[in-house]
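S.K.: Provided below: upload_22.txt, containing compact mmCIF, C-alpha atoms.
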# COMPACT_ATOMS: atom_id res chain seq x y z
CA MET A 251 -17.10 -0.51 -29.28
CA GLU A 252 -16.56 -1.70 -32.84
CA SER A 253 -15.24 -5.19 -32.84
CA ASN A 254 -12.83 -4.72 -35.75
CA LYS A 255 -10.85 -2.12 -33.80
CA PRO A 256 -8.09 -3.25 -31.48
CA SER A 257 -8.79 -2.75 -27.80
CA VAL A 258 -7.51 0.15 -25.71
CA GLU A 259 -5.25 -2.31 -23.98
CA SER A 260 -3.68 -3.74 -27.11
CA ILE A 261 -3.11 -0.28 -28.55
CA PHE A 262 -1.58 0.84 -25.27
CA LEU A 263 0.73 -2.16 -25.13
CA ALA A 264 1.78 -1.76 -28.76
CA ALA A 265 2.38 1.96 -28.23
CA VAL A 266 4.54 1.34 -25.17
CA GLU A 267 6.92 -0.72 -27.29
CA ARG A 268 7.47 2.14 -29.72
CA SER A 269 9.71 5.16 -29.53
CA ALA A 270 8.04 8.51 -28.86
CA GLU A 271 8.07 9.46 -32.55
CA ASP A 272 6.81 6.17 -33.86
CA ARG A 273 4.23 6.17 -31.15
CA SER A 274 2.33 9.24 -32.31
CA VAL A 275 2.38 8.03 -35.90
CA TYR A 276 1.12 4.66 -34.77
CA LEU A 277 -1.62 6.16 -32.61
CA ASP A 278 -2.87 8.43 -35.40
CA GLN A 279 -2.93 5.48 -37.72
CA VAL A 280 -4.63 3.00 -35.44
CA CYS A 281 -7.11 5.37 -33.83
CA GLY A 282 -7.98 7.24 -37.00
CA ASN A 283 -10.91 9.53 -36.34
CA ASP A 284 -11.84 7.87 -33.12
CA VAL A 285 -11.00 10.75 -30.80
CA ASP A 286 -12.39 9.01 -27.77
CA LEU A 287 -10.23 5.95 -28.31
CA LYS A 288 -7.14 8.10 -28.76
CA LEU A 289 -7.91 10.04 -25.59
CA ARG A 290 -8.28 6.87 -23.60
CA VAL A 291 -5.00 5.45 -24.84
CA ASP A 292 -3.24 8.79 -24.30
CA ARG A 293 -4.50 8.93 -20.77
CA LEU A 294 -3.02 5.53 -19.98
CA LEU A 295 0.25 6.40 -21.70
CA ASN A 296 0.53 9.63 -19.75
CA ALA A 297 -0.19 7.82 -16.51
CA ARG A 298 2.88 5.67 -17.06
CA SER A 299 5.18 8.45 -15.97
CA LYS A 300 3.06 9.06 -12.89
CA VAL A 301 2.57 5.56 -11.53
CA GLY A 302 6.08 5.37 -10.12
CA SER A 303 6.18 2.82 -7.34
CA PHE A 304 2.39 2.56 -7.20
CA LEU A 305 1.50 -1.04 -6.27
CA GLU A 306 5.13 -2.12 -6.49
CA SER A 307 5.45 -2.83 -2.82
CA PRO A 308 2.85 -5.06 -1.26
CA ALA A 309 0.07 -3.97 1.03
CA PRO A 310 1.63 -2.82 4.31
CA GLU A 311 -1.54 -2.02 6.21
CA LEU A 312 -1.43 -4.45 9.09
CA ASP A 313 -0.02 -2.12 11.68
CA PRO A 314 -0.88 -2.46 15.33
CA THR A 315 -2.50 0.65 16.73
CA ILE A 316 0.06 1.53 19.27
CA ASP A 317 3.59 2.75 18.94
CA GLN A 318 4.33 2.06 15.38
CA PRO A 319 8.00 2.45 14.73
CA MET A 320 9.21 5.73 13.42
CA THR A 321 11.01 5.21 10.18
CA GLU A 322 12.80 8.50 10.69
CA LYS A 323 15.97 8.10 12.73
CA PRO A 324 19.38 9.72 13.08
CA GLY A 325 20.96 9.78 9.65
CA THR A 326 17.64 10.14 7.82
CA GLN A 327 17.60 12.95 5.30
CA ILE A 328 14.38 14.98 5.20
CA GLY A 329 14.59 17.54 2.44
CA PRO A 330 17.61 19.73 3.26
CA TYR A 331 17.75 18.42 6.84
CA LYS A 332 19.77 15.53 8.12
CA LEU A 333 18.69 14.11 11.45
CA LEU A 334 21.56 13.97 13.91
CA GLN A 335 20.36 12.89 17.30
CA LYS A 336 17.17 12.56 19.23
CA LEU A 337 16.65 15.42 21.65
CA GLY A 338 13.43 14.32 23.20
CA GLU A 339 10.09 12.70 22.80
CA GLY A 340 6.63 13.84 23.74
CA GLY A 341 3.04 12.84 23.27
CA MET A 342 2.86 14.15 19.77
CA GLY A 343 6.24 13.89 18.30
CA VAL A 344 9.91 13.26 18.44
CA VAL A 345 12.37 16.13 18.31
CA TYR A 346 15.71 15.71 16.65
CA MET A 347 18.72 17.89 16.31
CA ALA A 348 19.21 18.21 12.57
CA GLU A 349 21.68 19.73 10.20
CA GLN A 350 20.33 22.00 7.52
CA SER A 351 22.42 22.14 4.35
CA GLU A 352 20.70 24.91 2.42
CA PRO A 353 20.03 27.75 1.94
CA VAL A 354 22.09 28.17 5.07
CA GLU A 355 24.15 25.67 6.98
CA ARG A 356 22.99 25.51 10.55
CA ARG A 357 21.75 23.23 13.25
CA VAL A 358 18.02 23.19 13.86
CA ALA A 359 15.47 21.29 15.88
CA LEU A 360 13.17 19.16 13.79
CA LYS A 361 10.00 17.70 15.20
CA VAL A 362 8.40 14.73 13.48
CA ILE A 363 4.82 13.95 14.42
CA LYS A 364 4.41 10.45 15.82
CA PRO A 365 2.76 7.78 13.75
CA GLY A 366 -0.30 5.96 14.99
CA LEU A 367 -2.26 9.09 15.75
CA ASP A 368 -5.32 10.00 13.82
CA THR A 369 -3.89 11.82 10.85
CA GLY A 370 -6.54 14.50 10.43
CA GLN A 371 -6.48 15.37 14.10
CA VAL A 372 -2.71 15.51 14.20
CA ILE A 373 -2.47 17.80 11.24
CA ALA A 374 -5.05 20.15 12.77
CA ARG A 375 -3.17 20.28 16.09
CA PHE A 376 0.09 20.60 14.29
CA GLU A 377 -1.17 23.53 12.20
CA ALA A 378 -2.47 25.26 15.31
CA GLU A 379 0.83 24.78 17.08
CA ARG A 380 2.75 25.98 14.07
CA GLN A 381 0.70 29.14 13.84
CA ALA A 382 0.93 29.80 17.53
CA VAL A 383 4.69 29.45 17.52
CA ALA A 384 5.09 31.43 14.33
CA MET A 385 3.13 34.30 15.82
CA MET A 386 5.42 34.56 18.76
CA ASP A 387 8.68 36.24 18.19
CA HIS A 388 10.29 36.20 21.56
CA PRO A 389 13.87 35.43 22.52
CA GLY A 390 12.69 32.64 24.84
CA ILE A 391 10.61 30.88 22.22
CA ALA A 392 11.98 28.88 19.35
CA LYS A 393 11.17 30.33 15.94
CA VAL A 394 9.61 28.08 13.34
CA PHE A 395 11.64 28.05 10.15
CA ASP A 396 10.01 25.51 7.99
CA ALA A 397 7.41 22.75 7.83
CA GLY A 398 6.54 19.92 5.54
CA ALA A 399 5.96 16.21 5.33
CA THR A 400 8.53 13.44 5.50
CA GLU A 401 8.77 10.76 2.84
CA SER A 402 6.54 8.52 4.90
CA GLY A 403 3.94 11.30 4.92
CA ARG A 404 4.43 12.51 8.46
CA PRO A 405 4.20 16.19 9.20
CA TYR A 406 7.33 17.78 10.57
CA PHE A 407 8.43 21.20 11.47
CA VAL A 408 11.74 22.86 11.86
CA MET A 409 12.52 25.19 14.70
CA GLU A 410 15.33 27.23 15.96
CA LEU A 411 17.55 25.07 18.09
CA VAL A 412 17.30 26.32 21.67
CA LYS A 413 17.98 24.59 24.92
CA GLY A 414 14.95 23.08 26.59
CA VAL A 415 12.82 22.97 23.48
CA SER A 416 9.42 21.44 24.15
CA THR A 417 8.25 18.20 22.65
CA MET B 12 -2.83 -34.55 6.86
CA ASN B 13 -4.42 -31.22 7.73
CA ASP B 14 -7.45 -29.80 5.94
CA VAL B 15 -5.59 -27.39 3.74
CA THR B 16 -3.08 -29.98 2.59
CA GLN B 17 -5.90 -32.39 1.94
CA ILE B 18 -7.81 -29.88 -0.17
CA LEU B 19 -4.68 -29.04 -2.13
CA SER B 20 -4.00 -32.67 -2.88
CA GLN B 21 -7.63 -33.16 -3.92
CA ILE B 22 -7.34 -30.25 -6.34
CA GLU B 23 -4.22 -31.86 -7.74
CA SER B 24 -5.99 -35.15 -8.24
CA GLY B 25 -8.58 -33.44 -10.37
CA TYR B 26 -11.25 -32.13 -8.04
CA PRO B 27 -11.05 -28.38 -8.68
CA ALA B 28 -14.47 -27.92 -7.04
CA VAL B 29 -12.95 -28.22 -3.59
CA ALA B 30 -10.84 -25.10 -4.26
CA GLU B 31 -13.51 -22.86 -2.79
CA GLN B 32 -13.19 -24.66 0.53
CA LEU B 33 -9.69 -23.30 0.80
CA LEU B 34 -10.71 -19.68 1.19
CA PRO B 35 -12.53 -19.88 4.55
CA LEU B 36 -9.75 -21.99 6.02
CA VAL B 37 -7.01 -19.65 4.92
CA TYR B 38 -9.05 -16.63 5.93
CA ASP B 39 -9.50 -18.03 9.42
CA GLU B 40 -5.84 -18.87 9.75
CA LEU B 41 -4.75 -15.40 8.69
CA ARG B 42 -7.04 -13.76 11.20
CA LYS B 43 -5.87 -16.05 13.98
CA LEU B 44 -2.25 -15.51 13.09
CA ALA B 45 -2.64 -11.75 13.04
CA ALA B 46 -4.47 -11.70 16.36
CA ALA B 47 -1.88 -13.98 17.97
CA LYS B 48 0.94 -11.81 16.69
CA LEU B 49 -0.69 -8.67 17.96
CA ALA B 50 -1.15 -10.26 21.36
CA GLN B 51 2.41 -11.54 21.63
CA GLU B 52 4.65 -9.12 19.98
CA LYS B 53 6.14 -6.06 21.44
CA PRO B 54 4.50 -2.77 20.68
CA GLY B 55 6.24 -1.14 17.80
CA GLN B 56 6.20 -4.25 15.68
CA THR B 57 4.48 -3.94 12.34
CA LEU B 58 2.61 -6.80 10.82
CA GLN B 59 3.32 -7.23 7.17
CA ALA B 60 0.25 -8.52 5.42
CA THR B 61 2.37 -10.49 3.01
CA ALA B 62 4.58 -11.92 5.74
CA LEU B 63 1.44 -13.29 7.37
CA VAL B 64 0.41 -14.90 4.13
CA HIS B 65 3.76 -16.63 3.83
CA GLU B 66 3.68 -17.73 7.42
CA ALA B 67 0.23 -19.19 6.88
CA TYR B 68 1.61 -21.12 3.94
CA VAL B 69 4.37 -22.64 6.01
CA ARG B 70 1.96 -23.54 8.77
CA LEU B 71 -0.88 -24.88 6.67
CA VAL B 72 0.71 -26.60 3.72
CA ASP B 73 2.46 -29.86 4.37
CA VAL B 74 4.96 -29.81 1.54
CA ASP B 75 5.65 -33.54 1.87
CA ASN B 76 2.11 -34.36 0.90
CA VAL B 77 1.40 -32.03 -1.98
CA ASP B 78 2.97 -31.12 -5.26
CA VAL B 79 4.48 -27.88 -4.10
CA TRP B 80 4.74 -26.45 -7.58
CA LYS B 81 1.07 -26.90 -8.37
CA SER B 82 -0.34 -26.20 -4.96
CA ARG B 83 1.42 -22.88 -4.42
CA GLY B 84 -0.79 -21.16 -6.98
CA HIS B 85 -3.97 -22.44 -5.37
CA PHE B 86 -2.85 -21.62 -1.89
CA PHE B 87 -1.64 -18.11 -2.64
CA GLY B 88 -4.71 -17.45 -4.75
CA ALA B 89 -6.88 -18.16 -1.74
CA ALA B 90 -4.56 -16.34 0.64
CA ALA B 91 -4.42 -13.21 -1.50
CA GLU B 92 -8.21 -13.17 -1.68
CA ALA B 93 -8.48 -13.67 2.08
CA MET B 94 -6.01 -10.88 2.79
CA ARG B 95 -7.77 -8.56 0.40
CA ARG B 96 -11.07 -9.17 2.20
CA ILE B 97 -9.52 -8.66 5.62
CA LEU B 98 -7.90 -5.38 4.63
CA VAL B 99 -10.85 -4.03 2.70
CA ASP B 100 -13.28 -4.96 5.49
CA ASN B 101 -11.00 -3.23 7.91
CA ALA B 102 -10.88 -0.11 5.75
CA ARG B 103 -14.67 -0.05 5.35
CA ARG B 104 -15.13 -0.41 9.08
CA LYS B 105 -12.74 2.46 9.57
CA GLN B 106 -14.87 4.64 7.33
CA ARG B 107 -18.04 3.95 9.27
CA PRO B 108 -18.85 6.07 12.32
CA LYS B 109 -17.17 4.80 15.45
CA HIS B 110 -19.12 3.14 18.21
CA GLY B 111 -16.71 3.74 21.02
CA GLY B 112 -15.21 0.25 20.78
CA ASP B 113 -12.73 -1.03 23.30
CA ARG B 114 -9.34 -0.44 21.78
CA SER B 115 -7.46 -2.76 24.07
CA ARG B 116 -9.37 -5.76 22.78
CA VAL B 117 -6.90 -7.79 20.81
CA ASP B 118 -8.80 -8.72 17.75
CA LEU B 119 -8.15 -7.71 14.25
CA GLU B 120 -10.78 -5.01 14.09
CA ALA B 121 -9.64 -3.17 17.15
CA ALA B 122 -5.94 -3.70 16.96
CA LEU B 123 -5.15 -2.77 13.42
CA PHE B 124 -4.22 0.75 12.79
CA MET B 125 -5.14 2.19 9.49
CA SER B 126 -4.93 5.89 8.90
CA ASP B 127 -7.94 7.54 7.30
CA GLU B 128 -5.95 8.15 4.16
CA ARG B 129 -4.80 4.57 3.98
CA ALA B 130 -8.36 3.34 4.41
CA ASP B 131 -9.60 5.71 1.70
CA GLN B 132 -6.81 4.65 -0.62
CA LEU B 133 -7.52 1.00 -0.05
CA ILE B 134 -11.23 1.45 -0.77
CA ALA B 135 -10.38 3.44 -3.90
CA LEU B 136 -8.01 0.69 -4.98
CA GLU B 137 -10.69 -1.89 -4.25
CA ASP B 138 -13.26 -0.07 -6.42
CA ALA B 139 -10.77 0.23 -9.26
CA TRP B 140 -9.73 -3.39 -8.81
CA GLU B 141 -13.35 -4.57 -9.09
CA LYS B 142 -13.54 -2.83 -12.45
CA LEU B 143 -10.35 -4.47 -13.59
CA ALA B 144 -11.68 -7.83 -12.40
CA SER B 145 -14.81 -7.48 -14.49
CA GLU B 146 -12.75 -6.52 -17.52
CA SER B 147 -9.95 -9.00 -17.09
CA PRO B 148 -9.98 -11.58 -14.29
CA GLU B 149 -6.42 -12.70 -14.99
CA LYS B 150 -4.99 -9.21 -14.59
CA ALA B 151 -6.98 -8.71 -11.42
CA ALA B 152 -5.68 -12.01 -10.08
CA LEU B 153 -2.14 -10.96 -10.87
CA VAL B 154 -2.54 -7.69 -9.00
CA LYS B 155 -4.08 -9.48 -6.06
CA LEU B 156 -1.25 -12.00 -5.83
CA ARG B 157 1.41 -9.33 -6.02
CA TYR B 158 -0.19 -6.76 -3.79
CA PHE B 159 -2.02 -8.82 -1.17
CA ALA B 160 0.10 -11.95 -1.07
CA GLY B 161 3.43 -10.31 -1.89
CA LEU B 162 4.40 -12.75 -4.60
CA SER B 163 7.18 -11.78 -6.98
CA HIS B 164 6.47 -11.16 -10.68
CA GLN B 165 7.56 -14.67 -11.55
CA GLU B 166 5.68 -16.37 -8.70
CA ALA B 167 2.51 -14.46 -9.52
CA ALA B 168 2.80 -15.38 -13.20
CA ASP B 169 3.20 -19.05 -12.27
CA ALA B 170 0.27 -18.90 -9.89
CA VAL B 171 -2.02 -17.43 -12.56
CA GLY B 172 -0.64 -19.88 -15.09
CA ILE B 173 0.64 -17.36 -17.63
CA SER B 174 4.10 -16.69 -19.01
CA ARG B 175 6.34 -14.15 -17.40
CA ALA B 176 6.26 -12.00 -20.55
CA THR B 177 2.46 -11.96 -20.55
CA ALA B 178 2.43 -11.20 -16.84
CA ASP B 179 4.74 -8.23 -17.38
CA ARG B 180 2.48 -6.83 -20.08
CA TYR B 181 -0.59 -7.40 -17.94
CA TRP B 182 1.11 -5.72 -15.00
CA SER B 183 2.09 -2.61 -16.92
CA TYR B 184 -1.46 -2.23 -18.21
CA ALA B 185 -3.11 -3.07 -14.89
CA LYS B 186 -1.05 -0.47 -13.04
CA VAL B 187 -1.98 2.45 -15.27
CA PHE B 188 -5.56 1.22 -15.51
CA LEU B 189 -5.93 1.16 -11.73
CA TYR B 190 -4.12 4.46 -11.38
CA CYS B 191 -6.45 6.21 -13.82
CA GLU B 192 -9.55 4.64 -12.29
CA MET B 193 -8.46 5.80 -8.86
CA GLU B 194 -7.83 9.29 -10.21
CA ASP B 195 -11.35 9.34 -11.68
CA GLY B 196 -12.76 8.13 -8.38
CA GLU B 197 -11.06 10.98 -6.56
CA LYS B 198 -12.59 13.62 -8.80
CA GLN B 199 -16.12 12.44 -8.15
Please express what this file holds, its structure, as structure tokens.

M.R.:
Amino acid sequence: MESNKPSVESIFLAAVERSAEDRSVYLDQVCGNDVDLKLRVDRLLNARSKVGSFLESPAPELDPTIDQPMTEKPGTQIGPYKLLQKLGEGGMGVVYMAEQSEPVERRVALKVIKPGLDTGQVIARFEAERQAVAMMDHPGIAKVFDAGATESGRPYFVMELVKGVST
Amino acid sequence: MNDVTQILSQIESGYPAVAEQLLPLVYDELRKLAAAKLAQEKPGQTLQATALVHEAYVRLVDVDNVDVWKSRGHFFGAAAEAMRRILVDNARRKQRPKHGGDRSRVDLEAALFMSDERADQLIALEDAWEKLASESPEKAALVKLRYFAGLSHQEAADAVGISRATADRYWSYAKVFLYCEMEDGEKQ
């Protein structure tokens, strides 16, 4: 890199201080014809809106293998579902009664997959279970309405609330 | 006076060369602490990496015998490095094929849970961090102190020996730098 040019870092930091309008003027001026330099600075500037809480909370990795606490509990909101009470617990997950707010208001059963299990394996089993249940449309079997991941990254799925639902 | 306190007071009296002796001591203490916690505490308890670091500080540094203000930086510098090594080693081990180890063994390797994603993320962060360290050791130190030792912005700035304003600028650059590097790593 030419030594008379300011560094990517200093351009980035100077650009951050400027308003959006001033910023593009400044970047054109300071980068001139150096397209590569401009691209690199732009990339960093664009990343600013994406970093969010990245690195803001310290490393949490030291979790014992067994029975990590579930962060989801009654009162937790997961998308349009609010967890009400625990219905049961099984090897793979915990089932809650939950209240769905939209598109319809109703009570559902929501199963959150337990932490501490090998993630890849869990998701595979979970997918298989989801498909199996979705294929069955029988009055005795709970229908699957929805599936997703909680804020802590755990898979969950939402089922029709029936008595004796399996965990 | 224990070893750590002695080393800290030697550093203060102008023998910076002894600083490297701190790392193995702190590293050992962190591993012992973690193992002891895992053995004692009820299942369901999570071990915060940064809480361990702070506990090690309380246990190892005799605040009556050192200049707390000066020694904090040295101690947390060593502790952040030790914690980084422990976590990264753990993540790398996780990525290697398993050898059917005994999971009930209470040592750090066996007892720490790290999901595959977490391990991958940590390795990706480590690779990006190495790049940052070669470009700017002070920024890398700042990230290490905040992320692996859980110091606040101000504490980390003090530990590196830079102003808060400089630390804030470094932090905002370091974050996007690491983020972009990790994104590049993913694409490969």

S.K.: Might you pull out every residue within 7 Å of range 29-43 of chain B, with all atoms listed in the file counted and same-chain residues fewer than 4 positions away left off, and present them as a PyMOL selection string?

M.R.: chain B and resi 15+18+22+47+63-64+67+89-90+93+119

S.K.: For Val74 in chain B, list every protein, DNA or RNA residue within 12 Å, evaluated using all atoms listed in the file, and leave out those in the same chain fewer than 3 positions away; present the list as an MDAnalysis selection string.

M.R.: chainID B and resid 12:13 15:17 19:20 68:71 77:83 86

S.K.: Can you list, as an NGL selection string, every protein, DNA or RNA residue that comes within 12 Å of range 271-284 of chain A when you count all atoms listed in the file, leaving out same-chain residues fewer than 4 positions away?

M.R.: :A and (251-252 or 254-258 or 260-267 or 288-292 or 295)

S.K.: Provide the CA of Thr61 in chain B to CA of Gly84 in chain B distance in Å, to one decimal place.

M.R.: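 Taking CA of Thr61 in chain B and CA of Gly84 in chain B, their separation equals 15.0 Å.
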
S.K.: Could you tell me how far CA of Glu355 in chain A sits from CA of Gly343 in chain A, in Å to one decimal place?

M.R.: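 Computing it gives 24.2 Å between the two atoms.
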
S.K.: Between A:Gln327, A:Thr400, A:Ser269, A:Ser299, which one has atoms that come closest to chain B, using all atoms listed in the file?

M.R.: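 The closest residue to chain B is A:Ser299.
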
S.K.: Just want the 7 Å neighbourhood of Pro405 in chain A, counted on all atoms listed in the file, with same-chain residues fewer than 4 positions away dropped. Output as number ranges by chain.

M.R.: A: 362-363, 398-400

S.K.: So for range 79-94 of chain B, what box centre and size do we get, axis-aligned, 5 Å extra on each of the six sides, every listed atom, Å to one decimal, as AutoDock Vina command-line options?

M.R.:
--center_x -1.9 --center_y -19.4 --center_z -2.8 --size_x 23.2 --size_y 27.0 --size_z 21.2

S.K.: Can you tell me, as a CSV table (one decimal) with C-alpha atoms, in the coordinates of the input, what residues are no more than 9 Å from Leu305 in chain A when counting only C-alpha atoms, ignoring any on the same chain fewer than 4 positions away?

M.R.:
chain,number,residue,atom,x,y,z
A,301,VAL,CA,2.6,5.6,-11.5
A,309,ALA,CA,0.1,-4.0,1.0
B,154,VAL,CA,-2.5,-7.7,-9.0
B,157,ARG,CA,1.4,-9.3,-6.0
B,158,TYR,CA,-0.2,-6.8,-3.8
B,186,LYS,CA,-1.0,-0.5,-13.0

S.K.: Enter the distance from CA of Ser303 in chain A to CA of Ala397 in chain A, in Å, rounded to one decimal.

M.R.: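 Separation of CA of Ser303 in chain A and CA of Ala397 in chain A: 25.1 Å.
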
S.K.: Given only C-alpha atoms as the basis, pick out the residue of B:Glu197, B:Glu149, B:Asp127, B:Asp169 nearest to chain A.

M.R.: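 Using only C-alpha atoms, chain A sits closest to B:Asp127.
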
S.K.: Find, counting only C-alpha atoms, the residue in B:Arg175, B:Lys198, B:His164, B:His85 that gets nearest to chain A.

M.R.: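 For chain A, the nearest of the given residues is B:His164.
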
S.K.: Given the point (-3.0, -12.8, -6.3) in the file's coordinates, find the residues that have an atom at most 7 Å from it, counting all atoms listed in the file, and give them as an NGL selection string.

M.R.: :B and (87-88 or 91-92 or 152-157 or 159-160 or 167)

S.K.: Go through B:Gln21, B:Ser174, B:Gln132, B:Asn76 one by one, measure the shortest atom-to-atom distance of each to chain A using all atoms listed in the file, and give the residue with the smallest value.

M.R.: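 The shortest atom-to-atom distance to chain A comes from B:Gln132.
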
S.K.: Just add N, CA and C atoms to range 133-149 of chain B and send it as a PDB file, keeping the file's coordinate frame.

M.R.:
ATOM      1  N   LEU B 133      -7.263   2.426   0.128  1.00  0.00           N
ATOM      2  CA  LEU B 133      -7.520   1.000  -0.050  1.00  0.00           C
ATOM      3  C   LEU B 133      -8.905   0.778  -0.662  1.00  0.00           C
ATOM      4  N   ILE B 134      -9.877   1.563  -0.207  1.00  0.00           N
ATOM      5  CA  ILE B 134     -11.230   1.450  -0.770  1.00  0.00           C
ATOM      6  C   ILE B 134     -11.211   1.897  -2.236  1.00  0.00           C
ATOM      7  N   ALA B 135     -10.469   2.957  -2.516  1.00  0.00           N
ATOM      8  CA  ALA B 135     -10.380   3.440  -3.900  1.00  0.00           C
ATOM      9  C   ALA B 135      -9.730   2.376  -4.782  1.00  0.00           C
ATOM     10  N   LEU B 136      -8.690   1.750  -4.234  1.00  0.00           N
ATOM     11  CA  LEU B 136      -8.010   0.690  -4.980  1.00  0.00           C
ATOM     12  C   LEU B 136      -8.970  -0.479  -5.202  1.00  0.00           C
ATOM     13  N   GLU B 137      -9.739  -0.789  -4.166  1.00  0.00           N
ATOM     14  CA  GLU B 137     -10.690  -1.890  -4.250  1.00  0.00           C
ATOM     15  C   GLU B 137     -11.732  -1.628  -5.349  1.00  0.00           C
ATOM     16  N   ASP B 138     -12.266  -0.400  -5.387  1.00  0.00           N
ATOM     17  CA  ASP B 138     -13.260  -0.070  -6.420  1.00  0.00           C
ATOM     18  C   ASP B 138     -12.663  -0.205  -7.812  1.00  0.00           C
ATOM     19  N   ALA B 139     -11.432   0.307  -7.963  1.00  0.00           N
ATOM     20  CA  ALA B 139     -10.770   0.230  -9.260  1.00  0.00           C
ATOM     21  C   ALA B 139     -10.474  -1.234  -9.607  1.00  0.00           C
ATOM     22  N   TRP B 140     -10.080  -1.977  -8.598  1.00  0.00           N
ATOM     23  CA  TRP B 140      -9.730  -3.390  -8.810  1.00  0.00           C
ATOM     24  C   TRP B 140     -10.949  -4.190  -9.268  1.00  0.00           C
ATOM     25  N   GLU B 141     -12.113  -3.891  -8.678  1.00  0.00           N
ATOM     26  CA  GLU B 141     -13.350  -4.570  -9.090  1.00  0.00           C
ATOM     27  C   GLU B 141     -13.612  -4.352 -10.581  1.00  0.00           C
ATOM     28  N   LYS B 142     -13.342  -3.125 -11.022  1.00  0.00           N
ATOM     29  CA  LYS B 142     -13.540  -2.830 -12.450  1.00  0.00           C
ATOM     30  C   LYS B 142     -12.591  -3.639 -13.308  1.00  0.00           C
ATOM     31  N   LEU B 143     -11.347  -3.688 -12.855  1.00  0.00           N
ATOM     32  CA  LEU B 143     -10.350  -4.470 -13.590  1.00  0.00           C
ATOM     33  C   LEU B 143     -10.764  -5.935 -13.618  1.00  0.00           C
ATOM     34  N   ALA B 144     -11.280  -6.420 -12.497  1.00  0.00           N
ATOM     35  CA  ALA B 144     -11.680  -7.830 -12.400  1.00  0.00           C
ATOM     36  C   ALA B 144     -12.802  -8.153 -13.368  1.00  0.00           C
ATOM     37  N   SER B 145     -13.711  -7.186 -13.570  1.00  0.00           N
ATOM     38  CA  SER B 145     -14.810  -7.480 -14.490  1.00  0.00           C
ATOM     39  C   SER B 145     -14.327  -7.413 -15.935  1.00  0.00           C
ATOM     40  N   GLU B 146     -13.284  -6.637 -16.163  1.00  0.00           N
ATOM     41  CA  GLU B 146     -12.750  -6.520 -17.520  1.00  0.00           C
ATOM     42  C   GLU B 146     -11.794  -7.668 -17.827  1.00  0.00           C
ATOM     43  N   SER B 147     -10.975  -8.002 -16.864  1.00  0.00           N
ATOM     44  CA  SER B 147      -9.950  -9.000 -17.090  1.00  0.00           C
ATOM     45  C   SER B 147      -9.566  -9.723 -15.795  1.00  0.00           C
ATOM     46  N   PRO B 148     -10.217 -10.855 -15.545  1.00  0.00           N
ATOM     47  CA  PRO B 148      -9.980 -11.580 -14.290  1.00  0.00           C
ATOM     48  C   PRO B 148      -8.514 -11.969 -14.083  1.00  0.00           C
ATOM     49  N   GLU B 149      -7.823 -12.282 -15.161  1.00  0.00           N
ATOM     50  CA  GLU B 149      -6.420 -12.700 -14.990  1.00  0.00           C
ATOM     51  C   GLU B 149      -5.547 -11.548 -14.507  1.00  0.00           C
TER      52      GLU B 149
END
